[in-house]
>>> print(open('work.txt').read())   # compact mmCIF, C-alpha atoms
# COMPACT_ATOMS: atom_id res chain seq x y z
CA MET A 9 0.00 0.00 0.00
CA GLU A 10 2.90 2.31 0.59
CA VAL A 11 4.06 1.66 -2.96
CA VAL A 12 0.76 3.01 -4.24
CA PHE A 13 1.32 6.19 -2.26
CA TYR A 14 4.82 6.68 -3.61
CA ILE A 15 3.82 6.02 -7.21
CA ALA A 16 0.89 8.42 -6.93
CA ALA A 17 3.14 11.05 -5.36
CA MET A 18 5.66 10.68 -8.16
CA VAL A 19 2.89 11.00 -10.74
CA ALA A 20 1.64 14.13 -8.96
CA ILE A 21 5.06 15.76 -8.92
CA THR A 22 5.84 14.80 -12.51
CA SER A 23 2.55 16.05 -13.89
CA THR A 24 2.81 19.29 -11.87
CA VAL A 25 6.28 19.96 -13.23
CA LEU A 26 5.01 19.31 -16.74
CA ALA A 27 1.96 21.50 -16.10
CA ILE A 28 3.94 24.58 -15.09
CA THR A 29 6.41 24.20 -17.94
CA ARG A 30 3.99 23.75 -20.85
CA LEU A 31 3.72 26.67 -23.24
CA ASN A 32 0.18 25.83 -24.22
CA ALA A 33 -2.60 26.42 -21.72
CA VAL A 34 -4.68 23.41 -22.74
CA HIS A 35 -1.74 21.03 -22.49
CA ALA A 36 -0.92 22.45 -19.06
CA LEU A 37 -4.53 21.95 -18.02
CA LEU A 38 -4.39 18.30 -19.07
CA TYR A 39 -1.33 17.74 -16.90
CA LEU A 40 -2.89 19.69 -14.05
CA ILE A 41 -5.97 17.46 -14.14
CA VAL A 42 -3.72 14.40 -13.96
CA SER A 43 -1.94 15.98 -11.00
CA LEU A 44 -5.22 16.53 -9.18
CA LEU A 45 -6.33 12.97 -9.90
CA SER A 46 -3.10 11.59 -8.49
CA VAL A 47 -3.54 13.73 -5.37
CA ALA A 48 -6.99 12.17 -5.10
CA VAL A 49 -5.36 8.72 -5.17
CA VAL A 50 -3.00 9.89 -2.42
CA PHE A 51 -6.00 10.96 -0.33
CA TYR A 52 -7.64 7.60 -0.87
CA VAL A 53 -4.52 5.77 0.18
CA ILE A 54 -4.02 7.73 3.38
CA GLY A 55 -7.58 7.05 4.47
CA ALA A 56 -9.66 9.99 3.31
CA PRO A 57 -12.03 8.63 0.65
CA PHE A 58 -14.59 11.43 0.96
CA VAL A 59 -12.04 14.13 0.24
CA ALA A 60 -10.64 12.04 -2.60
CA ALA A 61 -14.06 11.96 -4.24
CA LEU A 62 -14.47 15.71 -3.72
CA GLU A 63 -11.05 16.33 -5.21
CA VAL A 64 -12.09 14.52 -8.38
CA ILE A 65 -15.57 16.02 -8.56
CA ILE A 66 -14.90 19.64 -7.63
CA TYR A 67 -11.24 20.27 -8.40
CA ALA A 68 -10.66 18.10 -11.43
CA GLY A 69 -14.26 18.41 -12.54
CA ALA A 70 -15.72 21.82 -11.88
CA ILE A 71 -12.75 24.14 -11.41
CA MET A 72 -10.76 22.73 -14.31
CA VAL A 73 -13.81 22.90 -16.57
CA LEU A 74 -14.00 26.59 -15.65
CA PHE A 75 -10.38 26.98 -16.75
CA VAL A 76 -11.02 25.13 -19.99
CA PHE A 77 -14.03 27.34 -20.74
CA VAL A 78 -12.04 30.53 -20.22
CA VAL A 79 -9.13 29.25 -22.30
CA MET A 80 -11.49 28.35 -25.10
CA MET A 81 -13.23 31.74 -24.87
CA LEU A 82 -9.96 33.61 -25.11
CA ASN A 83 -8.87 31.74 -28.19
CA LEU A 84 -11.64 33.03 -30.43
CA GLY A 85 -9.78 34.91 -33.12
CA LYS A 86 -8.33 34.95 -36.56
CA ALA A 87 -5.27 32.90 -35.77
CA ALA A 88 -7.30 30.41 -33.78
CA THR A 89 -7.83 27.88 -36.52
CA ASP A 90 -4.25 27.33 -37.58
CA ARG A 91 -3.20 27.43 -33.97
CA GLU A 92 -5.81 24.79 -33.34
CA ARG A 93 -4.39 22.71 -36.13
CA GLN A 94 -0.96 23.06 -34.61
CA TRP A 95 -2.29 21.99 -31.22
CA GLN A 96 -3.95 18.90 -32.50
CA ARG A 97 -0.70 17.20 -33.27
CA PRO A 98 -1.02 13.55 -32.44
CA GLY A 99 1.10 12.69 -29.47
CA MET A 100 0.29 15.56 -27.16
CA TRP A 101 -2.21 13.37 -25.36
CA VAL A 102 0.28 10.56 -24.82
CA GLY A 103 1.91 12.02 -21.72
CA PRO A 104 -1.27 12.72 -19.73
CA SER A 105 -2.73 9.43 -20.89
CA LEU A 106 0.28 7.48 -19.66
CA LEU A 107 0.20 9.15 -16.26
CA ALA A 108 -3.56 8.62 -16.01
CA ALA A 109 -3.11 4.97 -16.98
CA ILE A 110 -0.73 4.56 -14.05
CA LEU A 111 -3.40 6.01 -11.77
CA ILE A 112 -6.08 3.72 -13.22
CA ALA A 113 -3.84 0.71 -12.60
CA GLU A 114 -3.35 1.87 -9.02
CA MET A 115 -7.07 2.27 -8.48
CA ALA A 116 -7.73 -1.17 -9.92
CA TYR A 117 -5.09 -2.58 -7.60
CA LEU A 118 -6.62 -0.81 -4.62
CA ILE A 119 -10.15 -1.94 -5.37
CA ALA A 120 -9.38 -5.50 -6.39
CA GLY A 121 -6.33 -5.97 -4.21
CA PRO A 122 -6.32 -7.94 -1.00
CA GLY A 123 -5.35 -5.45 1.69
CA THR A 124 -7.76 -2.63 0.99
CA ALA A 125 -9.37 -2.44 4.38
CA ALA A 126 -6.30 -3.53 6.29
CA TYR A 127 -4.51 -0.27 5.75
CA GLY A 128 -2.59 0.95 8.74
CA SER A 129 -4.12 4.29 9.57
CA ALA A 130 -7.82 4.48 10.24
CA VAL A 131 -10.14 5.41 7.41
CA ILE A 132 -12.13 8.56 8.14
CA GLY A 133 -15.31 8.21 6.15
CA PRO A 134 -17.94 10.71 5.04
CA LYS A 135 -20.04 10.07 8.13
CA GLN A 136 -17.42 11.26 10.59
CA VAL A 137 -16.59 14.22 8.39
CA GLY A 138 -20.25 15.18 8.14
CA ILE A 139 -20.79 14.91 11.88
CA VAL A 140 -17.88 17.19 12.64
CA LEU A 141 -18.63 19.51 9.73
CA PHE A 142 -22.17 20.27 10.83
CA GLY A 143 -21.30 20.20 14.51
CA PRO A 144 -18.41 22.37 15.70
CA TYR A 145 -17.69 23.75 12.24
CA LEU A 146 -21.22 24.91 11.42
CA ILE A 147 -20.24 28.56 11.46
CA GLY A 148 -17.52 27.77 8.95
CA VAL A 149 -20.08 26.22 6.62
CA GLU A 150 -22.20 29.36 6.85
CA LEU A 151 -19.20 31.56 6.18
CA ALA A 152 -18.23 29.40 3.20
CA SER A 153 -21.73 29.79 1.77
CA MET A 154 -21.48 33.56 2.14
CA LEU A 155 -18.06 33.50 0.49
CA LEU A 156 -19.44 31.53 -2.44
CA LEU A 157 -22.35 33.94 -2.76
CA GLY A 158 -19.92 36.85 -2.78
CA ALA A 159 -17.82 35.12 -5.41
CA LEU A 160 -20.92 34.52 -7.53
CA VAL A 161 -21.95 38.16 -7.39
CA GLY A 162 -18.39 39.33 -7.96
CA ALA A 163 -17.80 37.05 -10.92
CA TYR A 164 -21.09 38.15 -12.46
CA HIS A 165 -20.21 41.78 -11.94
CA LEU A 166 -16.68 41.43 -13.32
CA GLY A 167 -17.61 39.19 -16.20
CA ARG A 168 -20.19 41.44 -17.79
CA ARG A 169 -19.46 43.32 -20.97
CA ILE A 170 -19.07 47.02 -20.37
CA PRO A 171 -21.05 49.15 -22.85
CA GLU A 172 -19.00 51.53 -24.95
CA LYS A 173 -20.82 54.59 -23.62
CA THR A 174 -19.41 54.30 -20.15
CA GLU A 175 -15.91 55.07 -21.35
CA ASN A 176 -16.42 58.81 -22.07
CA MET B 23 1.34 -3.20 6.45
CA ALA B 24 2.76 -0.01 7.82
CA PRO B 25 1.02 3.29 7.16
CA VAL B 26 2.66 5.94 5.11
CA PRO B 27 4.79 8.11 7.38
CA MET B 28 3.43 11.58 7.89
CA HIS B 29 6.59 13.34 6.81
CA GLN B 30 6.41 11.70 3.41
CA GLY B 31 2.97 13.21 2.87
CA LEU B 32 4.12 16.57 4.16
CA LEU B 33 7.12 16.34 1.86
CA LEU B 34 4.76 15.78 -1.07
CA ALA B 35 2.74 18.82 0.01
CA GLY B 36 5.88 20.90 0.29
CA ILE B 37 7.15 19.87 -3.13
CA LEU B 38 3.80 20.63 -4.73
CA PHE B 39 3.65 24.01 -3.00
CA ALA B 40 7.18 24.86 -4.14
CA LEU B 41 6.30 23.88 -7.69
CA GLY B 42 3.21 26.08 -7.59
CA LEU B 43 5.23 28.99 -6.20
CA THR B 44 7.85 28.49 -8.91
CA GLY B 45 5.18 28.51 -11.57
CA LEU B 46 3.64 31.66 -10.10
CA LEU B 47 7.00 33.41 -10.13
CA VAL B 48 8.27 32.39 -13.54
CA ARG B 49 5.13 32.56 -15.66
CA ARG B 50 3.72 35.87 -16.89
CA ASN B 51 0.54 34.50 -18.42
CA MET B 52 -2.44 35.15 -16.16
CA ILE B 53 -3.98 31.75 -16.86
CA PHE B 54 -0.79 30.00 -15.80
CA MET B 55 -0.51 32.16 -12.72
CA LEU B 56 -4.04 31.19 -11.68
CA MET B 57 -3.20 27.53 -12.30
CA SER B 58 -0.14 27.85 -10.10
CA LEU B 59 -2.32 29.36 -7.39
CA GLU B 60 -4.56 26.32 -7.65
CA ILE B 61 -1.54 24.04 -7.26
CA MET B 62 -0.47 25.92 -4.14
CA LEU B 63 -3.94 25.78 -2.58
CA ASN B 64 -4.15 22.09 -3.37
CA ALA B 65 -0.77 21.50 -1.75
CA ALA B 66 -1.94 23.24 1.40
CA GLY B 67 -4.98 20.98 1.39
CA VAL B 68 -2.75 17.93 1.05
CA ALA B 69 -0.84 19.00 4.14
CA PHE B 70 -4.08 19.37 6.11
CA VAL B 71 -5.47 16.01 5.02
CA VAL B 72 -2.20 14.22 5.74
CA ALA B 73 -2.04 15.73 9.23
CA GLY B 74 -5.69 14.89 9.87
CA SER B 75 -5.08 11.32 8.76
CA ARG B 76 -2.05 11.10 11.02
CA TRP B 77 -4.05 12.04 14.10
CA GLY B 78 -7.18 10.17 13.06
CA GLN B 79 -9.33 13.30 13.18
CA ALA B 80 -11.79 14.59 10.60
CA ASP B 81 -10.72 18.21 11.08
CA GLY B 82 -8.09 18.04 8.38
CA GLN B 83 -10.64 16.98 5.80
CA ILE B 84 -12.98 19.76 6.92
CA VAL B 85 -10.27 22.36 6.46
CA PHE B 86 -9.70 20.86 3.03
CA LEU B 87 -13.38 21.42 2.27
CA PHE B 88 -13.01 25.07 3.26
CA ILE B 89 -9.91 25.38 1.09
CA LEU B 90 -11.86 23.80 -1.75
CA SER B 91 -14.71 26.29 -1.51
CA MET B 92 -12.24 29.14 -1.18
CA ALA B 93 -10.40 27.94 -4.27
CA ALA B 94 -13.66 27.77 -6.20
CA ALA B 95 -14.53 31.34 -5.19
CA GLU B 96 -11.03 32.56 -5.97
CA VAL B 97 -10.86 30.95 -9.38
CA SER B 98 -14.27 32.21 -10.46
CA VAL B 99 -13.41 35.81 -9.57
CA GLY B 100 -9.91 35.40 -10.99
CA LEU B 101 -11.12 34.07 -14.30
CA ALA B 102 -13.67 36.88 -14.56
CA LEU B 103 -10.80 39.30 -14.00
CA VAL B 104 -8.79 37.51 -16.69
CA LEU B 105 -11.68 37.93 -19.12
CA GLN B 106 -11.89 41.65 -18.35
CA LEU B 107 -8.12 41.93 -18.72
CA TYR B 108 -8.22 40.30 -22.12
CA ARG B 109 -11.07 42.52 -23.26
CA ARG B 110 -9.33 45.73 -22.27
CA PHE B 111 -5.69 44.98 -23.05
CA LYS B 112 -5.99 42.21 -25.65
CA THR B 113 -3.29 40.30 -23.86
CA LEU B 114 -2.87 37.97 -20.93
CA ASP B 115 0.55 39.29 -19.98
CA ALA B 116 0.59 40.32 -16.35
CA ASP B 117 3.26 42.94 -17.03
CA ALA B 118 0.99 44.74 -19.47
CA VAL B 119 -1.31 45.73 -16.64
CA SER B 120 1.44 47.49 -14.72
CA GLU B 121 0.45 50.74 -16.40
CA MET B 122 -2.87 50.69 -14.62
CA ARG B 123 -3.51 53.84 -12.60
CA GLY B 124 -6.16 54.52 -10.10
>>> encode(input="work.txt", output="structure tokens")
Amino acid sequence: MEVVFYIAAMVAITSTVLAITRLNAVHALLYLIVSLLSVAVVFYVIGAPFVAALEVIIYAGAIMVLFVFVVMMLNLGKAATDRERQWQRPGMWVGPSLLAAILIAEMAYLIAGPGTAAYGSAVIGPKQVGIVLFGPYLIGVELASMLLLGALVGAYHLGRRIPEKTEN
Amino acid sequence: MAPVPMHQGLLLAGILFALGLTGLLVRRNMIFMLMSLEIMLNAAGVAFVVAGSRWGQADGQIVFLFILSMAAAEVSVGLALVLQLYRRFKTLDADAVSEMRG
């Protein structure tokens, strides 16, 4: 089980290094998604399955989709099509796919393997997290909801198109 | 089957944080800077979850949830700012905005 942790950690570091060194935003996003998935595997291994699921759903799902949307919106232009053709070189997907295949193999080993439940440290499931989250940390949940509301209003305000008349 | 030592997990968090900081410092593209911020926030969350797993408490995972919601709020506002930046300056270079005056 330790081996799974070390392999996932190496995948996380490798994909993060590749993500911050790519010149192309979409390629970097692919590697960043792989990095987040490997961190999710690390969470699963150290006994935090709920947070691992949230990492995949919210980080690798929602937040990265937001990034992809903005990157795609910013690329609307004249040079977009030939740039697109240049991006679609076969082989750019090989690196993220290889790293993700390592993670899939690890997950298959964890699920099908023998010692899944016999891991050393105790598994803290969603039930315990929920009990503590809505017990002592209830005020934090309320504050987080207000923060998200503020972010919603702020993003809506900042993201609108300013009419030309307001400039003069 | 021994558990993973805590310092290995904290080492992973530290390496990821350093990588995110490096990316934030060396890149000038706003999208990449936001991505590096995400890496750093995620690394901080890794440290919390590892520590919570070490002590067998759920508090680490709860702090990770707060970091997650904070990251979602930050990235939505940040990407809206990036869109405004691109509309006004037609570039994503962070240095191009240094001429901004109040």
>>> residues_around(input="work.txt", residues="stretch 28-39 of chain A", least_positions_apart="2", cutoff="8 Å", atoms="all atoms listed in the file", output="VMD selection string")
(chain A and resid 23 to 26 41 to 43 72 75 to 76 79 100 104) or (chain B and resid 41 to 42 45 53 to 54 58)
>>> residues_near_point(input="work.txt", point="(5.4, 11.5, -13.2)", cutoff="12 Å", atoms="all atoms listed in the file", output="NGL selection string")
:A and (14-27 or 39-40 or 42-43 or 46 or 103-111)
>>> write_last_selection(input="work.txt", atoms="C-alpha atoms", output="short mmCIF file (atom, residue, chain, number, x, y, z; two decimals), in the coordinates of the input")
data_model
loop_
_atom_site.label_atom_id
_atom_site.label_comp_id
_atom_site.auth_asym_id
_atom_site.auth_seq_id
_atom_site.Cartn_x
_atom_site.Cartn_y
_atom_site.Cartn_z
CA TYR A 14 4.82 6.68 -3.61
CA ILE A 15 3.82 6.02 -7.21
CA ALA A 16 0.89 8.42 -6.93
CA ALA A 17 3.14 11.05 -5.36
CA MET A 18 5.66 10.68 -8.16
CA VAL A 19 2.89 11.00 -10.74
CA ALA A 20 1.64 14.13 -8.96
CA ILE A 21 5.06 15.76 -8.92
CA THR A 22 5.84 14.80 -12.51
CA SER A 23 2.55 16.05 -13.89
CA THR A 24 2.81 19.29 -11.87
CA VAL A 25 6.28 19.96 -13.23
CA LEU A 26 5.01 19.31 -16.74
CA ALA A 27 1.96 21.50 -16.10
CA TYR A 39 -1.33 17.74 -16.90
CA LEU A 40 -2.89 19.69 -14.05
CA VAL A 42 -3.72 14.40 -13.96
CA SER A 43 -1.94 15.98 -11.00
CA SER A 46 -3.10 11.59 -8.49
CA GLY A 103 1.91 12.02 -21.72
CA PRO A 104 -1.27 12.72 -19.73
CA SER A 105 -2.73 9.43 -20.89
CA LEU A 106 0.28 7.48 -19.66
CA LEU A 107 0.20 9.15 -16.26
CA ALA A 108 -3.56 8.62 -16.01
CA ALA A 109 -3.11 4.97 -16.98
CA ILE A 110 -0.73 4.56 -14.05
CA LEU A 111 -3.40 6.01 -11.77
#
>>> interface_residues(input="work.txt", of="chain B", to="chain A", cutoff="7 Å", atoms="only C-alpha atoms", output="list in words")
Met23, Ala24, Pro25, Val26, Leu34, Leu38, Leu41, Gly45, Ser75, Gly78, Ala80, Gln83, Ile84, Phe88, Ser91, Ala94, Ala95, Ser98, Val99, Leu101, Ala102, Leu103, Leu105 and Gln106 of chain B
>>> atom_distance(input="work.txt", atom1="atom CA of B:Leu63", atom2="atom CA of B:Leu43")
10.4 Å
>>> atom_distance(input="work.txt", atom1="atom CA of B:Gln30", atom2="atom CA of B:Val48")
26.8 Å
>>> atom_distance(input="work.txt", atom1="atom CA of B:Glu60", atom2="atom CA of B:Leu47")
13.8 Å
>>> closest_residue(input="work.txt", among="A:Ala68, A:Tyr52, A:Leu45, A:Val73", to="B:Val71", atoms="all atoms listed in the file")
A:Tyr52
>>> closest_residue(input="work.txt", among="B:Val97, B:Val104, B:Ser120, B:Arg110", to="B:Met52", atoms="only C-alpha atoms")
B:Val104
>>> build_atoms(input="work.txt", residues="stretch 60-86 of chain B", atoms="N, CA and C atoms", output="PDB file, in the frame of the given file")
ATOM      1  N   GLU B  60      -3.790  27.528  -7.957  1.00  0.00           N
ATOM      2  CA  GLU B  60      -4.560  26.320  -7.650  1.00  0.00           C
ATOM      3  C   GLU B  60      -3.659  25.217  -7.121  1.00  0.00           C
ATOM      4  N   ILE B  61      -2.481  25.076  -7.727  1.00  0.00           N
ATOM      5  CA  ILE B  61      -1.540  24.040  -7.260  1.00  0.00           C
ATOM      6  C   ILE B  61      -1.137  24.310  -5.819  1.00  0.00           C
ATOM      7  N   MET B  62      -0.895  25.595  -5.503  1.00  0.00           N
ATOM      8  CA  MET B  62      -0.470  25.920  -4.140  1.00  0.00           C
ATOM      9  C   MET B  62      -1.587  25.664  -3.141  1.00  0.00           C
ATOM     10  N   LEU B  63      -2.819  26.035  -3.497  1.00  0.00           N
ATOM     11  CA  LEU B  63      -3.940  25.780  -2.580  1.00  0.00           C
ATOM     12  C   LEU B  63      -4.138  24.283  -2.373  1.00  0.00           C
ATOM     13  N   ASN B  64      -3.977  23.535  -3.470  1.00  0.00           N
ATOM     14  CA  ASN B  64      -4.150  22.090  -3.370  1.00  0.00           C
ATOM     15  C   ASN B  64      -3.067  21.477  -2.487  1.00  0.00           C
ATOM     16  N   ALA B  65      -1.851  22.012  -2.581  1.00  0.00           N
ATOM     17  CA  ALA B  65      -0.770  21.500  -1.750  1.00  0.00           C
ATOM     18  C   ALA B  65      -1.042  21.772  -0.266  1.00  0.00           C
ATOM     19  N   ALA B  66      -1.580  22.952   0.014  1.00  0.00           N
ATOM     20  CA  ALA B  66      -1.940  23.240   1.400  1.00  0.00           C
ATOM     21  C   ALA B  66      -3.007  22.279   1.901  1.00  0.00           C
ATOM     22  N   GLY B  67      -3.962  21.956   1.027  1.00  0.00           N
ATOM     23  CA  GLY B  67      -4.980  20.980   1.390  1.00  0.00           C
ATOM     24  C   GLY B  67      -4.404  19.602   1.636  1.00  0.00           C
ATOM     25  N   VAL B  68      -3.409  19.224   0.838  1.00  0.00           N
ATOM     26  CA  VAL B  68      -2.750  17.930   1.050  1.00  0.00           C
ATOM     27  C   VAL B  68      -2.111  17.878   2.424  1.00  0.00           C
ATOM     28  N   ALA B  69      -1.460  18.972   2.815  1.00  0.00           N
ATOM     29  CA  ALA B  69      -0.840  19.000   4.140  1.00  0.00           C
ATOM     30  C   ALA B  69      -1.880  18.814   5.236  1.00  0.00           C
ATOM     31  N   PHE B  70      -3.039  19.490   5.085  1.00  0.00           N
ATOM     32  CA  PHE B  70      -4.080  19.370   6.110  1.00  0.00           C
ATOM     33  C   PHE B  70      -4.625  17.946   6.175  1.00  0.00           C
ATOM     34  N   VAL B  71      -4.879  17.351   5.014  1.00  0.00           N
ATOM     35  CA  VAL B  71      -5.470  16.010   5.020  1.00  0.00           C
ATOM     36  C   VAL B  71      -4.482  14.994   5.568  1.00  0.00           C
ATOM     37  N   VAL B  72      -3.204  15.160   5.224  1.00  0.00           N
ATOM     38  CA  VAL B  72      -2.200  14.220   5.740  1.00  0.00           C
ATOM     39  C   VAL B  72      -2.108  14.323   7.264  1.00  0.00           C
ATOM     40  N   ALA B  73      -2.121  15.563   7.775  1.00  0.00           N
ATOM     41  CA  ALA B  73      -2.040  15.730   9.230  1.00  0.00           C
ATOM     42  C   ALA B  73      -3.296  15.180   9.901  1.00  0.00           C
ATOM     43  N   GLY B  74      -4.463  15.430   9.299  1.00  0.00           N
ATOM     44  CA  GLY B  74      -5.690  14.890   9.870  1.00  0.00           C
ATOM     45  C   GLY B  74      -5.717  13.373   9.871  1.00  0.00           C
ATOM     46  N   SER B  75      -5.145  12.774   8.817  1.00  0.00           N
ATOM     47  CA  SER B  75      -5.080  11.320   8.760  1.00  0.00           C
ATOM     48  C   SER B  75      -4.097  10.774   9.789  1.00  0.00           C
ATOM     49  N   ARG B  76      -3.045  11.543  10.030  1.00  0.00           N
ATOM     50  CA  ARG B  76      -2.050  11.100  11.020  1.00  0.00           C
ATOM     51  C   ARG B  76      -2.661  11.027  12.410  1.00  0.00           C
ATOM     52  N   TRP B  77      -3.476  12.014  12.764  1.00  0.00           N
ATOM     53  CA  TRP B  77      -4.050  12.040  14.100  1.00  0.00           C
ATOM     54  C   TRP B  77      -5.410  11.388  14.175  1.00  0.00           C
ATOM     55  N   GLY B  78      -5.906  10.867  13.039  1.00  0.00           N
ATOM     56  CA  GLY B  78      -7.180  10.170  13.060  1.00  0.00           C
ATOM     57  C   GLY B  78      -8.373  11.063  13.301  1.00  0.00           C
ATOM     58  N   GLN B  79      -8.238  12.351  12.985  1.00  0.00           N
ATOM     59  CA  GLN B  79      -9.330  13.300  13.180  1.00  0.00           C
ATOM     60  C   GLN B  79      -9.891  13.723  11.829  1.00  0.00           C
ATOM     61  N   ALA B  80     -11.158  14.142  11.835  1.00  0.00           N
ATOM     62  CA  ALA B  80     -11.790  14.590  10.600  1.00  0.00           C
ATOM     63  C   ALA B  80     -11.545  16.065  10.319  1.00  0.00           C
ATOM     64  N   ASP B  81     -10.885  16.753  11.222  1.00  0.00           N
ATOM     65  CA  ASP B  81     -10.720  18.210  11.080  1.00  0.00           C
ATOM     66  C   ASP B  81      -9.904  18.584   9.848  1.00  0.00           C
ATOM     67  N   GLY B  82      -8.907  17.759   9.551  1.00  0.00           N
ATOM     68  CA  GLY B  82      -8.090  18.040   8.380  1.00  0.00           C
ATOM     69  C   GLY B  82      -8.903  18.028   7.104  1.00  0.00           C
ATOM     70  N   GLN B  83      -9.790  17.047   6.984  1.00  0.00           N
ATOM     71  CA  GLN B  83     -10.640  16.980   5.800  1.00  0.00           C
ATOM     72  C   GLN B  83     -11.598  18.141   5.743  1.00  0.00           C
ATOM     73  N   ILE B  84     -12.044  18.630   6.916  1.00  0.00           N
ATOM     74  CA  ILE B  84     -12.980  19.760   6.920  1.00  0.00           C
ATOM     75  C   ILE B  84     -12.271  21.031   6.469  1.00  0.00           C
ATOM     76  N   VAL B  85     -11.031  21.200   6.927  1.00  0.00           N
ATOM     77  CA  VAL B  85     -10.270  22.360   6.460  1.00  0.00           C
ATOM     78  C   VAL B  85     -10.018  22.257   4.966  1.00  0.00           C
ATOM     79  N   PHE B  86      -9.832  21.022   4.474  1.00  0.00           N
ATOM     80  CA  PHE B  86      -9.700  20.860   3.030  1.00  0.00           C
ATOM     81  C   PHE B  86     -10.973  21.282   2.312  1.00  0.00           C
TER      82      PHE B  86
END
